[in-house]
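Q: Contents of coords-v3.cif (mmCIF, C-alpha atoms):
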data_target
#
loop_
_atom_site.label_atom_id
_atom_site.label_comp_id
_atom_site.auth_asym_id
_atom_site.auth_seq_id
_atom_site.Cartn_x
_atom_site.Cartn_y
_atom_site.Cartn_z
CA MET A 1 -108.12 123.42 43.32
CA THR A 2 -108.15 121.65 46.67
CA GLN A 3 -104.87 120.01 47.52
CA LEU A 4 -105.41 116.48 48.81
CA GLN A 5 -104.92 117.23 52.51
CA ARG A 6 -101.20 117.81 51.94
CA TRP A 7 -100.76 114.22 50.77
CA THR A 8 -97.18 112.94 51.18
CA ALA A 9 -95.28 109.77 50.38
CA GLU A 10 -95.75 108.68 53.99
CA GLN A 11 -99.42 108.10 53.14
CA ILE A 12 -98.66 105.51 50.48
CA PRO A 13 -100.34 102.26 51.59
CA ASP A 14 -98.27 99.12 52.08
CA GLN A 15 -97.21 97.87 48.64
CA THR A 16 -95.80 94.47 49.62
CA LYS A 17 -96.18 91.86 46.85
CA ARG A 18 -97.12 94.52 44.29
CA VAL A 19 -95.04 94.71 41.09
CA PHE A 20 -94.25 98.09 39.53
CA VAL A 21 -92.53 98.96 36.27
CA VAL A 22 -91.06 102.47 36.32
CA THR A 23 -89.50 103.80 33.12
CA GLY A 24 -86.58 106.18 33.51
CA ALA A 25 -86.10 104.95 37.07
CA ASN A 26 -82.40 105.77 37.45
CA SER A 27 -82.71 109.55 38.01
CA GLY A 28 -85.03 112.46 38.72
CA LEU A 29 -88.73 111.70 39.09
CA GLY A 30 -88.25 108.03 38.26
CA LEU A 31 -85.65 107.56 40.97
CA ALA A 32 -87.77 109.41 43.53
CA THR A 33 -90.77 107.29 42.55
CA THR A 34 -88.81 104.05 42.78
CA ARG A 35 -87.36 105.01 46.15
CA ALA A 36 -90.79 105.77 47.62
CA LEU A 37 -92.37 102.57 46.30
CA ALA A 38 -89.47 100.40 47.49
CA ALA A 39 -89.71 102.00 50.95
CA LYS A 40 -93.32 100.81 51.11
CA GLY A 41 -92.46 97.23 50.16
CA GLY A 42 -93.16 97.29 46.43
CA HIS A 43 -91.15 95.21 43.98
CA VAL A 44 -89.91 97.76 41.45
CA ILE A 45 -88.55 96.98 38.01
CA LEU A 46 -86.24 99.82 36.99
CA ALA A 47 -86.68 100.12 33.23
CA VAL A 48 -83.64 102.12 32.12
CA ARG A 49 -81.68 102.82 28.96
CA ASP A 50 -78.31 102.73 30.79
CA GLU A 51 -78.08 99.60 32.93
CA ALA A 52 -74.96 100.78 34.76
CA ARG A 53 -76.80 103.88 35.97
CA GLY A 54 -79.75 101.71 36.84
CA HIS A 55 -77.63 99.48 39.04
CA ARG A 56 -76.09 102.52 40.75
CA ALA A 57 -79.58 103.85 41.47
CA ALA A 58 -80.65 100.46 42.84
CA ALA A 59 -77.57 100.33 45.07
CA GLU A 60 -78.33 103.81 46.38
CA ILE A 61 -81.88 102.79 47.28
CA THR A 62 -80.76 99.50 48.83
CA ALA A 63 -78.23 101.34 51.01
CA ALA A 64 -81.10 103.30 52.55
CA HIS A 65 -83.62 100.44 52.46
CA PRO A 66 -81.78 97.11 52.79
CA ASP A 67 -84.96 95.11 52.24
CA ALA A 68 -85.78 96.87 48.97
CA SER A 69 -86.93 94.52 46.20
CA LEU A 70 -85.55 95.82 42.92
CA GLU A 71 -84.76 94.64 39.38
CA VAL A 72 -82.81 96.53 36.73
CA ARG A 73 -83.78 95.89 33.11
CA ARG A 74 -82.68 97.63 29.94
CA LEU A 75 -85.29 99.54 27.97
CA ASP A 76 -84.65 102.10 25.22
CA LEU A 77 -88.05 103.64 24.62
CA ALA A 78 -86.87 105.36 21.45
CA ASP A 79 -86.21 101.95 19.86
CA LEU A 80 -89.35 99.88 19.31
CA ALA A 81 -87.27 96.70 18.99
CA SER A 82 -85.94 97.33 22.50
CA VAL A 83 -89.50 97.86 23.77
CA ARG A 84 -90.59 94.51 22.34
CA GLY A 85 -87.54 92.78 23.76
CA PHE A 86 -88.20 94.23 27.21
CA ALA A 87 -91.83 93.11 27.09
CA ASP A 88 -90.88 89.60 25.93
CA ARG A 89 -88.39 89.17 28.76
CA LEU A 90 -90.88 90.48 31.31
CA HIS A 91 -93.46 87.93 30.14
CA ALA A 92 -90.88 85.19 30.54
CA ASP A 93 -90.10 86.13 34.14
CA HIS A 94 -93.34 87.56 35.59
CA THR A 95 -96.95 86.44 35.71
CA HIS A 96 -98.36 89.90 36.35
CA VAL A 97 -97.61 93.62 36.68
CA ASP A 98 -99.72 95.70 39.05
CA VAL A 99 -98.68 99.21 38.00
CA LEU A 100 -96.88 100.59 34.95
CA ILE A 101 -95.55 104.13 35.42
CA ASN A 102 -94.76 105.72 32.05
CA ASN A 103 -92.32 108.28 33.43
CA ALA A 104 -89.22 108.48 31.21
CA GLY A 105 -88.70 111.33 28.80
CA VAL A 106 -86.33 113.56 26.88
CA MET A 107 -86.63 117.31 26.46
CA ALA A 108 -85.69 119.70 23.64
CA PRO A 109 -82.70 118.00 21.96
CA PRO A 110 -81.49 119.03 18.52
CA ARG A 111 -83.59 117.38 15.82
CA THR A 112 -82.83 113.66 15.99
CA LEU A 113 -84.56 110.65 14.47
CA SER A 114 -85.02 107.34 16.25
CA ARG A 115 -83.89 103.99 14.86
CA GLN A 116 -87.31 103.63 13.22
CA GLY A 117 -87.20 107.17 11.79
CA HIS A 118 -89.44 108.99 14.28
CA GLU A 119 -88.62 112.34 15.90
CA LEU A 120 -86.80 111.45 19.12
CA GLN A 121 -89.11 113.15 21.64
CA PHE A 122 -92.26 111.75 20.03
CA ALA A 123 -90.58 108.34 19.81
CA CYS A 124 -89.35 108.18 23.40
CA ASN A 125 -92.00 110.14 25.27
CA HIS A 126 -95.06 108.85 23.44
CA LEU A 127 -94.60 105.99 20.95
CA GLY A 128 -92.35 103.92 23.22
CA HIS A 129 -94.79 104.21 26.10
CA PHE A 130 -97.77 103.50 23.86
CA ALA A 131 -96.11 100.31 22.62
CA LEU A 132 -94.94 99.28 26.08
CA THR A 133 -98.43 99.68 27.55
CA GLY A 134 -100.01 97.65 24.78
CA LEU A 135 -97.44 94.86 25.05
CA LEU A 136 -97.86 94.62 28.84
CA LEU A 137 -101.66 94.90 28.88
CA ASP A 138 -102.18 91.21 29.59
CA LEU A 139 -99.74 91.27 32.52
CA LEU A 140 -101.54 94.33 33.88
CA ALA A 141 -104.93 92.65 33.51
CA ALA A 142 -103.59 89.82 35.70
CA GLY A 143 -102.49 92.28 38.39
CA SER A 144 -104.19 93.46 41.58
CA ASP A 145 -105.79 96.91 41.32
CA PRO A 146 -103.86 97.39 38.06
CA ARG A 147 -103.01 100.88 36.82
CA VAL A 148 -101.21 102.64 34.02
CA VAL A 149 -99.86 106.03 35.09
CA THR A 150 -98.73 108.22 32.21
CA VAL A 151 -96.67 111.27 33.11
CA SER A 152 -97.49 114.33 31.02
CA SER A 153 -96.59 117.97 31.72
CA ILE A 154 -98.20 121.37 32.18
CA ASN A 155 -96.57 122.00 28.79
CA HIS A 156 -99.20 119.80 27.15
CA ARG A 157 -101.42 122.89 27.22
CA GLN A 158 -99.07 124.61 24.75
CA GLY A 159 -98.83 121.54 22.55
CA HIS A 160 -100.09 120.91 19.05
CA ILE A 161 -99.86 117.55 17.31
CA ARG A 162 -98.48 118.16 13.84
CA PHE A 163 -100.05 115.18 12.12
CA ASP A 164 -98.73 116.42 8.77
CA ASP A 165 -95.11 116.83 9.99
CA LEU A 166 -94.50 114.73 13.09
CA THR A 167 -90.75 114.46 12.51
CA GLY A 168 -90.19 118.21 12.15
CA GLU A 169 -88.78 117.81 8.66
CA ARG A 170 -90.47 121.03 7.52
CA GLY A 171 -89.82 122.95 10.72
CA TYR A 172 -88.35 121.71 13.99
CA LYS A 173 -88.61 123.59 17.27
CA PRO A 174 -87.07 121.76 20.25
CA MET A 175 -89.60 122.92 22.86
CA GLY A 176 -92.47 122.89 20.39
CA HIS A 177 -91.85 119.21 19.70
CA TYR A 178 -91.42 118.52 23.41
CA ASN A 179 -94.84 120.10 24.00
CA GLN A 180 -96.22 117.96 21.18
CA SER A 181 -94.95 114.79 22.87
CA LYS A 182 -96.42 115.80 26.22
CA LEU A 183 -99.78 116.53 24.62
CA ALA A 184 -99.57 113.09 23.02
CA ASN A 185 -99.06 111.61 26.51
CA ALA A 186 -102.18 113.39 27.74
CA VAL A 187 -104.28 112.35 24.74
CA PHE A 188 -103.07 108.75 25.08
CA GLY A 189 -103.82 108.53 28.80
CA ARG A 190 -107.36 109.77 28.33
CA GLU A 191 -108.04 107.65 25.24
CA LEU A 192 -106.69 104.59 27.05
CA HIS A 193 -109.09 105.32 29.91
CA LEU A 194 -112.04 105.49 27.50
CA ARG A 195 -111.13 102.24 25.76
CA LEU A 196 -110.49 100.40 29.03
CA THR A 197 -113.84 101.64 30.34
CA ASP A 198 -115.66 100.54 27.19
CA SER A 199 -114.19 97.04 27.54
CA ARG A 200 -114.97 96.99 31.29
CA SER A 201 -111.34 96.26 32.05
CA PRO A 202 -110.22 96.50 35.69
CA ILE A 203 -107.14 98.50 34.62
CA ARG A 204 -107.20 102.20 35.48
CA SER A 205 -105.50 104.77 33.25
CA VAL A 206 -104.43 107.82 35.25
CA LEU A 207 -102.48 110.88 34.13
CA ALA A 208 -100.06 112.88 36.26
CA HIS A 209 -97.70 115.80 35.91
CA PRO A 210 -94.91 116.99 38.25
CA GLY A 211 -95.24 120.75 37.88
CA TYR A 212 -91.83 122.41 37.70
CA THR A 213 -89.33 119.99 39.19
CA ALA A 214 -85.54 120.15 39.20
CA THR A 215 -84.35 117.07 37.29
CA ASN A 216 -81.75 116.07 34.72
CA LEU A 217 -84.37 116.75 32.06
CA GLN A 218 -83.59 120.47 32.09
CA MET A 219 -79.81 120.07 32.26
CA GLY A 220 -79.40 116.99 30.09
CA THR A 221 -80.57 117.25 26.51
CA PRO A 222 -81.91 120.79 25.90
CA THR A 223 -80.10 123.03 23.47
CA GLY A 224 -78.04 125.95 24.81
CA LEU A 225 -80.59 128.71 25.48
CA TRP A 226 -83.18 126.36 26.95
CA ARG A 227 -80.54 124.76 29.17
CA VAL A 228 -79.73 128.17 30.64
CA LEU A 229 -83.35 129.28 31.03
CA LEU A 230 -84.68 126.02 32.45
CA GLY A 231 -81.72 124.52 34.26
CA ARG A 232 -79.51 127.31 35.52
CA ILE A 233 -82.14 129.99 36.09
CA GLY A 234 -85.49 128.25 36.45
CA ASN A 235 -84.43 125.34 38.63
CA PRO A 236 -82.86 127.33 41.50
CA LEU A 237 -85.63 129.95 41.55
CA PHE A 238 -88.83 128.02 40.97
CA ALA A 239 -88.37 124.25 40.89
CA GLN A 240 -89.33 121.79 43.59
CA ARG A 241 -87.34 118.71 44.59
CA PRO A 242 -87.81 115.45 42.67
CA ALA A 243 -89.24 113.86 45.83
CA ASP A 244 -92.00 116.49 45.78
CA GLY A 245 -92.45 116.46 42.00
CA ALA A 246 -92.97 112.69 42.11
CA LEU A 247 -95.93 112.93 44.49
CA PRO A 248 -98.63 113.30 41.81
CA GLN A 249 -97.53 110.11 40.03
CA LEU A 250 -97.12 108.28 43.32
CA TYR A 251 -100.62 109.31 44.35
CA ALA A 252 -101.95 108.23 40.96
CA ALA A 253 -100.17 104.87 41.28
CA THR A 254 -101.11 103.96 44.83
CA ASP A 255 -104.00 105.86 46.42
CA PRO A 256 -107.21 103.83 46.71
CA GLU A 257 -109.37 106.88 45.92
CA VAL A 258 -107.90 107.54 42.48
CA GLU A 259 -110.28 107.00 39.58
CA SER A 260 -109.46 106.05 36.02
CA GLY A 261 -109.36 109.07 33.75
CA GLN A 262 -108.23 111.52 36.42
CA PHE A 263 -105.31 113.92 35.94
CA ILE A 264 -103.20 114.54 39.05
CA GLY A 265 -100.83 117.49 39.41
CA PRO A 266 -99.48 119.94 42.00
CA GLY A 267 -102.09 122.13 43.65
CA GLY A 268 -100.04 125.31 44.03
CA LEU A 269 -99.93 128.46 41.92
CA ALA A 270 -100.13 127.66 38.19
CA GLU A 271 -99.64 123.96 39.11
CA LEU A 272 -95.90 124.54 39.36
CA ARG A 273 -95.53 123.01 42.81
CA GLY A 274 -97.52 121.83 45.80
CA ALA A 275 -99.31 118.76 47.09
CA PRO A 276 -101.14 116.51 44.61
CA THR A 277 -104.63 117.44 43.49
CA ARG A 278 -106.98 116.76 40.60
CA VAL A 279 -106.30 119.11 37.70
CA GLN A 280 -107.81 119.67 34.26
CA LEU A 281 -106.65 118.54 30.85
CA ALA A 282 -106.39 121.06 28.06
CA PRO A 283 -109.50 120.88 25.85
CA VAL A 284 -107.47 119.59 22.89
CA ALA A 285 -106.31 116.64 25.01
CA ALA A 286 -109.94 115.64 25.56
CA ASP A 287 -110.97 116.05 21.92
CA THR A 288 -112.55 112.83 20.66
CA GLU A 289 -111.29 113.11 17.10
CA THR A 290 -107.73 113.89 18.21
CA GLY A 291 -107.80 110.86 20.50
CA ARG A 292 -109.01 108.54 17.76
CA ARG A 293 -106.57 109.91 15.21
CA LEU A 294 -103.53 109.72 17.50
CA TRP A 295 -104.44 106.18 18.64
CA GLU A 296 -104.76 104.86 15.09
CA LEU A 297 -101.55 106.61 14.04
CA SER A 298 -99.69 105.18 17.06
CA GLU A 299 -100.89 101.67 16.26
CA ARG A 300 -99.62 102.05 12.72
CA LEU A 301 -96.24 103.52 13.69
CA THR A 302 -95.55 100.96 16.44
CA ASP A 303 -97.33 97.93 14.94
CA VAL A 304 -98.87 97.34 18.38
CA ARG A 305 -102.58 96.57 18.79
CA PHE A 306 -104.12 96.59 22.25
CA ALA A 307 -105.89 93.34 23.12
CA PHE A 308 -108.80 94.74 25.13
CA PRO A 309 -111.08 92.09 26.62
CA ALA A 310 -114.58 91.93 25.22
CA ALA A 311 -117.07 93.97 27.26
CA VAL A 312 -119.16 91.88 29.65
#
Represent the supplied structure as structure tokens.
A:
Amino acid sequence: MTQLQRWTAEQIPDQTKRVFVVTGANSGLGLATTRALAAKGGHVILAVRDEARGHRAAAEITAAHPDASLEVRRLDLADLASVRGFADRLHADHTHVDVLINNAGVMAPPRTLSRQGHELQFACNHLGHFALTGLLLDLLAAGSDPRVVTVSSINHRQGHIRFDDLTGERGYKPMGHYNQSKLANAVFGRELHLRLTDSRSPIRSVLAHPGYTATNLQMGTPTGLWRVLLGRIGNPLFAQRPADGALPQLYAATDPEVESGQFIGPGGLAELRGAPTRVQLAPVAADTETGRRLWELSERLTDVRFAFPAAV
């Protein structure tokens, strides 16, 4: 893998007048992404579950960048009613969105079901972002150089989508279901690219992953053993800073050379850290039948249909 000439956030082009939606923007990768985009003049909508934390994050960014253009809006990705409400309010207040960054996620909690009865990680990490993307597709189509950036993980390569037991009722493994959700992100991003291409839409679908980055994800929701292994041991020894981990998604969101369908990750050893580069999806993530099956299932579970324009 060739790292992209040590690409850094300083190389982000001017983003003045561009509108970004960043999910999970109040901490970790989302906060680092929002900070970098605001510093380059972008108008960033912080889509957060906890509005108080969102406002604190916005204040922190504004203290460093007084001209930052920021909005804080509530979005609970695990609740499809909240996703629809967020999309409705955004349509009322904005004529377009240039970039949607599907960044938020939860990792390895005890088995929990969402309000609609879906396993929490699959609900938040995949279904919520699937629904949000579909509901904002028209605003994205009205944007300039529009993009959807979906954040997956190197863990997608260990994932398996349990179509016959998505909720873990017959056997729940916290990290196994996290890996499932991250594989679903990867499958979705690629399938979205194919469908946008078929319809000749101007929207690009790009995937990214942060390698191993020290965030609240490892210390927040994981169960005991995983919290120790990932947060207290892994983070100090191996993890990179959120500002570095956010570079692949920032590159995917802003660089003029990025193409729809690409997967951007760190270029270092085992893709754990390093400057952004183009990396490979696991074969299962590029499987045509898996893509079709997950798409149709996601439509059914979210009751969201993507209004792709007719091909010219």
Q: Contacts between segment 290-310 of chain A and segment 171-218 of chain A, please, where a residue of segment 171-218 of chain A counts if it comes within 8 Å (with all atoms listed in the file); show its shortest atom pair and distance in Å to one decimal, rows by chain and ascending number, as JSON lines.
A:
{"residue": "A:Ala184", "atom": "CA", "partner": "A:Leu294", "partner_atom": "CA", "distance": 7.6}
{"residue": "A:Val187", "atom": "CA", "partner": "A:Gly291", "partner_atom": "CA", "distance": 5.7}
{"residue": "A:Phe188", "atom": "CA", "partner": "A:Gly291", "partner_atom": "CA", "distance": 6.9}
{"residue": "A:Arg190", "atom": "CA", "partner": "A:Gly291", "partner_atom": "CA", "distance": 7.9}
{"residue": "A:Glu191", "atom": "CA", "partner": "A:Gly291", "partner_atom": "CA", "distance": 5.7}
{"residue": "A:Arg195", "atom": "CA", "partner": "A:Phe308", "partner_atom": "CA", "distance": 7.9}
{"residue": "A:Leu196", "atom": "CA", "partner": "A:Phe308", "partner_atom": "CA", "distance": 7.1}
{"residue": "A:Ser199", "atom": "CA", "partner": "A:Ala310", "partner_atom": "CA", "distance": 5.6}
{"residue": "A:Arg200", "atom": "CA", "partner": "A:Pro309", "partner_atom": "CA", "distance": 7.8}
{"residue": "A:Ser201", "atom": "CA", "partner": "A:Pro309", "partner_atom": "CA", "distance": 6.9}
Q: Give as an mmCIF file with C-alpha atoms, in the frame of the given file the residues that the PyMOL selection byres ((chain A and resi 138) around 10) matches when applied to the coordinates above.
A:
data_model
loop_
_atom_site.group_PDB
_atom_site.id
_atom_site.type_symbol
_atom_site.label_atom_id
_atom_site.label_comp_id
_atom_site.auth_asym_id
_atom_site.auth_seq_id
_atom_site.Cartn_x
_atom_site.Cartn_y
_atom_site.Cartn_z
ATOM 1 C CA HIS A 91 -93.460 87.930 30.140
ATOM 2 C CA THR A 95 -96.950 86.440 35.710
ATOM 3 C CA HIS A 96 -98.360 89.900 36.350
ATOM 4 C CA VAL A 97 -97.610 93.620 36.680
ATOM 5 C CA THR A 133 -98.430 99.680 27.550
ATOM 6 C CA GLY A 134 -100.010 97.650 24.780
ATOM 7 C CA LEU A 135 -97.440 94.860 25.050
ATOM 8 C CA LEU A 136 -97.860 94.620 28.840
ATOM 9 C CA LEU A 137 -101.660 94.900 28.880
ATOM 10 C CA LEU A 139 -99.740 91.270 32.520
ATOM 11 C CA LEU A 140 -101.540 94.330 33.880
ATOM 12 C CA ALA A 141 -104.930 92.650 33.510
ATOM 13 C CA ALA A 142 -103.590 89.820 35.700
ATOM 14 C CA GLY A 143 -102.490 92.280 38.390
ATOM 15 C CA PHE A 306 -104.120 96.590 22.250
ATOM 16 C CA ALA A 307 -105.890 93.340 23.120
ATOM 17 C CA PHE A 308 -108.800 94.740 25.130
ATOM 18 C CA PRO A 309 -111.080 92.090 26.620
#
Q: Determine, using all atoms listed in the file, which residues of segment 68-106 of chain A have any atom at most 9 Å from an atom of segment 145-154 of chain A, and tabulate each with its shortest atom pair and distance in Å to one decimal place, rows ordered by chain and then rising number, as CSV.
A:
residue,atom,partner,partner_atom,distance
A:Val97,CA,A:Pro146,CA,7.4
A:Asp98,CA,A:Pro146,CA,4.6
A:Val99,CA,A:Arg147,CA,4.8
A:Leu100,CA,A:Val148,CA,4.9
A:Ile101,CA,A:Val149,CA,4.7
A:Asn102,CA,A:Thr150,CA,4.7
A:Asn103,CA,A:Val151,CA,5.3
A:Ala104,CA,A:Val151,CA,8.2
Q: Excluding Tyr172 of chain A and any residue of its chain fewer than 3 positions from it, enumerate the residues within 12 Å of it, using all atoms listed in the file, and give them as JSON, numbers by chain.
A: {"A": [108, 109, 110, 111, 112, 113, 119, 120, 121, 162, 165, 166, 167, 168, 169, 175, 176, 177, 178, 180]}
Q: Restricting the calculation to all atoms listed in the file: of A:Val22, A:Leu183, A:Ala32, A:Ile61, which residue gets closest to Asn125 of chain A?
A: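 Smallest distance to Asn125 of chain A is found for A:Leu183.
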Q: As an exercise, work out the distance from atom CA of Ala68 of chain A to atom CA of Gly41 of chain A in Å and give it to one decimal place.
A: 6.8 Å
Q: Translate the PyMOL selection byres ((chain A and resi 12) around 12) into a concrete residue list for this structure, as a PyMOL selection string.
A: chain A and resi 7-11+13-16+33+36-42+247-257
Q: Using only C-alpha atoms, determine which residues lie at most 8 Å from Gln240 of chain A, disregarding the query and same-chain residues fewer than 4 positions distant; provide the list as a PyMOL selection string.
A: chain A and resi 212-214+235+244-245+273
Q: With all atoms listed in the file counted, which protein, DNA or RNA residues have an atom no more than 12 Å from (-104.7, 123.4, 41.6) in the file frame? Please answer as an MDAnalysis selection string.
A: chainID A and resid 1:4 154 209 211 248 263:281
Q: Could you tell me which of A:Val21, A:Ala78, A:Ala186, A:Val206 comes closest to His94 of chain A if we count only C-alpha atoms?
A: A:Val21
Q: In Å, how far is it from atom CA of Gly28 of chain A to atom CA of Asn216 of chain A?
A: 6.3 Å
Q: For the file shown, what are the residues hit by the PyMOL selection byres ((chain A and resi 128) around 9), laid out as an mmCIF file with C-alpha atoms, keeping the file's coordinate frame?
A:
data_model
loop_
_atom_site.group_PDB
_atom_site.id
_atom_site.type_symbol
_atom_site.label_atom_id
_atom_site.label_comp_id
_atom_site.auth_asym_id
_atom_site.auth_seq_id
_atom_site.Cartn_x
_atom_site.Cartn_y
_atom_site.Cartn_z
ATOM 1 C CA ASP A 76 -84.650 102.100 25.220
ATOM 2 C CA LEU A 77 -88.050 103.640 24.620
ATOM 3 C CA ALA A 78 -86.870 105.360 21.450
ATOM 4 C CA ASP A 79 -86.210 101.950 19.860
ATOM 5 C CA LEU A 80 -89.350 99.880 19.310
ATOM 6 C CA VAL A 83 -89.500 97.860 23.770
ATOM 7 C CA PHE A 122 -92.260 111.750 20.030
ATOM 8 C CA ALA A 123 -90.580 108.340 19.810
ATOM 9 C CA CYS A 124 -89.350 108.180 23.400
ATOM 10 C CA ASN A 125 -92.000 110.140 25.270
ATOM 11 C CA HIS A 126 -95.060 108.850 23.440
ATOM 12 C CA LEU A 127 -94.600 105.990 20.950
ATOM 13 C CA HIS A 129 -94.790 104.210 26.100
ATOM 14 C CA PHE A 130 -97.770 103.500 23.860
ATOM 15 C CA ALA A 131 -96.110 100.310 22.620
ATOM 16 C CA LEU A 132 -94.940 99.280 26.080
ATOM 17 C CA THR A 133 -98.430 99.680 27.550
ATOM 18 C CA THR A 302 -95.550 100.960 16.440
#
Q: To one decimal place in Å, what is the distance between atom CA of Arg35 of chain A and atom CA of Ile203 of chain A?
A: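 Taking atom CA of Arg35 of chain A and atom CA of Ile203 of chain A, their separation equals 23.8 Å.
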Q: As AutoDock Vina command-line options, please: the centre and edge lengths in Å, to one decimal, of an axis-aligned box enclosing every listed atom of segment 99-108 of chain A with 8 Å added on each side.
A:
--center_x -92.2 --center_y 109.5 --center_z 30.8 --size_x 29.0 --size_y 36.5 --size_z 30.4
Q: Kindly indicate which residue among A:Glu60, A:Asp287, A:His156, A:Lys182 lies nearest to Val106 of chain A, using all atoms listed in the file for the distances.
A: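 Smallest distance to Val106 of chain A is found for A:Lys182.
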Q: Which residue out of A:Ala81, A:Leu207, A:Ala57, A:Leu70 has the minimum interatomic distance to Val258 of chain A when only C-alpha atoms are used?
A: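 Looking only at the distances to Val258 of chain A, the closest residue turns out to be A:Leu207.
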Q: With distances taken over all atoms listed in the file, which of A:Ser205, A:Thr197, A:Ser260, A:Ser27 is nearest to Gly105 of chain A?
A: A:Ser27
Q: Can you complete the atoms of segment 159-174 of chain A to N, CA, C and O atoms and list them as an mmCIF file, in the coordinates of the input?
A:
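Below is the file that was written, selection_1.cif:
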data_model
loop_
_atom_site.group_PDB
_atom_site.id
_atom_site.type_symbol
_atom_site.label_atom_id
_atom_site.label_comp_id
_atom_site.auth_asym_id
_atom_site.auth_seq_id
_atom_site.Cartn_x
_atom_site.Cartn_y
_atom_site.Cartn_z
ATOM 1 N N GLY A 159 -99.173 122.476 23.604
ATOM 2 C CA GLY A 159 -98.830 121.540 22.550
ATOM 3 C C GLY A 159 -99.805 121.539 21.387
ATOM 4 O O GLY A 159 -100.981 121.911 21.512
ATOM 5 N N HIS A 160 -99.292 121.112 20.261
ATOM 6 C CA HIS A 160 -100.090 120.910 19.050
ATOM 7 C C HIS A 160 -99.509 119.712 18.322
ATOM 8 O O HIS A 160 -98.301 119.661 18.083
ATOM 9 N N ILE A 161 -100.349 118.741 18.007
ATOM 10 C CA ILE A 161 -99.860 117.550 17.310
ATOM 11 C C ILE A 161 -99.849 117.827 15.820
ATOM 12 O O ILE A 161 -100.899 118.015 15.197
ATOM 13 N N ARG A 162 -98.660 117.844 15.259
ATOM 14 C CA ARG A 162 -98.480 118.160 13.840
ATOM 15 C C ARG A 162 -98.592 116.873 13.031
ATOM 16 O O ARG A 162 -97.587 116.285 12.614
ATOM 17 N N PHE A 163 -99.820 116.449 12.815
ATOM 18 C CA PHE A 163 -100.050 115.180 12.120
ATOM 19 C C PHE A 163 -99.428 115.175 10.718
ATOM 20 O O PHE A 163 -99.081 114.110 10.201
ATOM 21 N N ASP A 164 -99.285 116.360 10.119
ATOM 22 C CA ASP A 164 -98.730 116.420 8.770
ATOM 23 C C ASP A 164 -97.213 116.567 8.751
ATOM 24 O O ASP A 164 -96.601 116.571 7.675
ATOM 25 N N ASP A 165 -96.573 116.683 9.940
ATOM 26 C CA ASP A 165 -95.110 116.830 9.990
ATOM 27 C C ASP A 165 -94.602 116.428 11.370
ATOM 28 O O ASP A 165 -93.977 117.212 12.076
ATOM 29 N N LEU A 166 -94.860 115.194 11.750
ATOM 30 C CA LEU A 166 -94.500 114.730 13.090
ATOM 31 C C LEU A 166 -92.995 114.762 13.343
ATOM 32 O O LEU A 166 -92.554 114.964 14.473
ATOM 33 N N THR A 167 -92.203 114.551 12.308
ATOM 34 C CA THR A 167 -90.750 114.460 12.510
ATOM 35 C C THR A 167 -90.065 115.815 12.512
ATOM 36 O O THR A 167 -88.867 115.902 12.768
ATOM 37 N N GLY A 168 -90.804 116.886 12.185
ATOM 38 C CA GLY A 168 -90.190 118.210 12.150
ATOM 39 C C GLY A 168 -89.349 118.446 10.907
ATOM 40 O O GLY A 168 -88.526 119.359 10.895
ATOM 41 N N GLU A 169 -89.574 117.659 9.874
ATOM 42 C CA GLU A 169 -88.780 117.810 8.660
ATOM 43 C C GLU A 169 -88.970 119.200 8.036
ATOM 44 O O GLU A 169 -88.026 119.803 7.521
ATOM 45 N N ARG A 170 -90.194 119.731 8.131
ATOM 46 C CA ARG A 170 -90.470 121.030 7.520
ATOM 47 C C ARG A 170 -90.315 122.187 8.504
ATOM 48 O O ARG A 170 -90.470 123.348 8.112
ATOM 49 N N GLY A 171 -89.997 121.888 9.732
ATOM 50 C CA GLY A 171 -89.820 122.950 10.720
ATOM 51 C C GLY A 171 -89.745 122.356 12.118
ATOM 52 O O GLY A 171 -90.756 121.905 12.663
ATOM 53 N N TYR A 172 -88.556 122.332 12.684
ATOM 54 C CA TYR A 172 -88.350 121.710 13.990
ATOM 55 C C TYR A 172 -88.065 122.771 15.050
ATOM 56 O O TYR A 172 -87.175 123.615 14.877
ATOM 57 N N LYS A 173 -88.848 122.735 16.121
ATOM 58 C CA LYS A 173 -88.610 123.590 17.270
ATOM 59 C C LYS A 173 -88.458 122.690 18.498
ATOM 60 O O LYS A 173 -89.399 121.966 18.840
ATOM 61 N N PRO A 174 -87.303 122.702 19.156
ATOM 62 C CA PRO A 174 -87.070 121.760 20.250
ATOM 63 C C PRO A 174 -88.174 121.743 21.307
ATOM 64 O O PRO A 174 -88.696 120.681 21.649
#
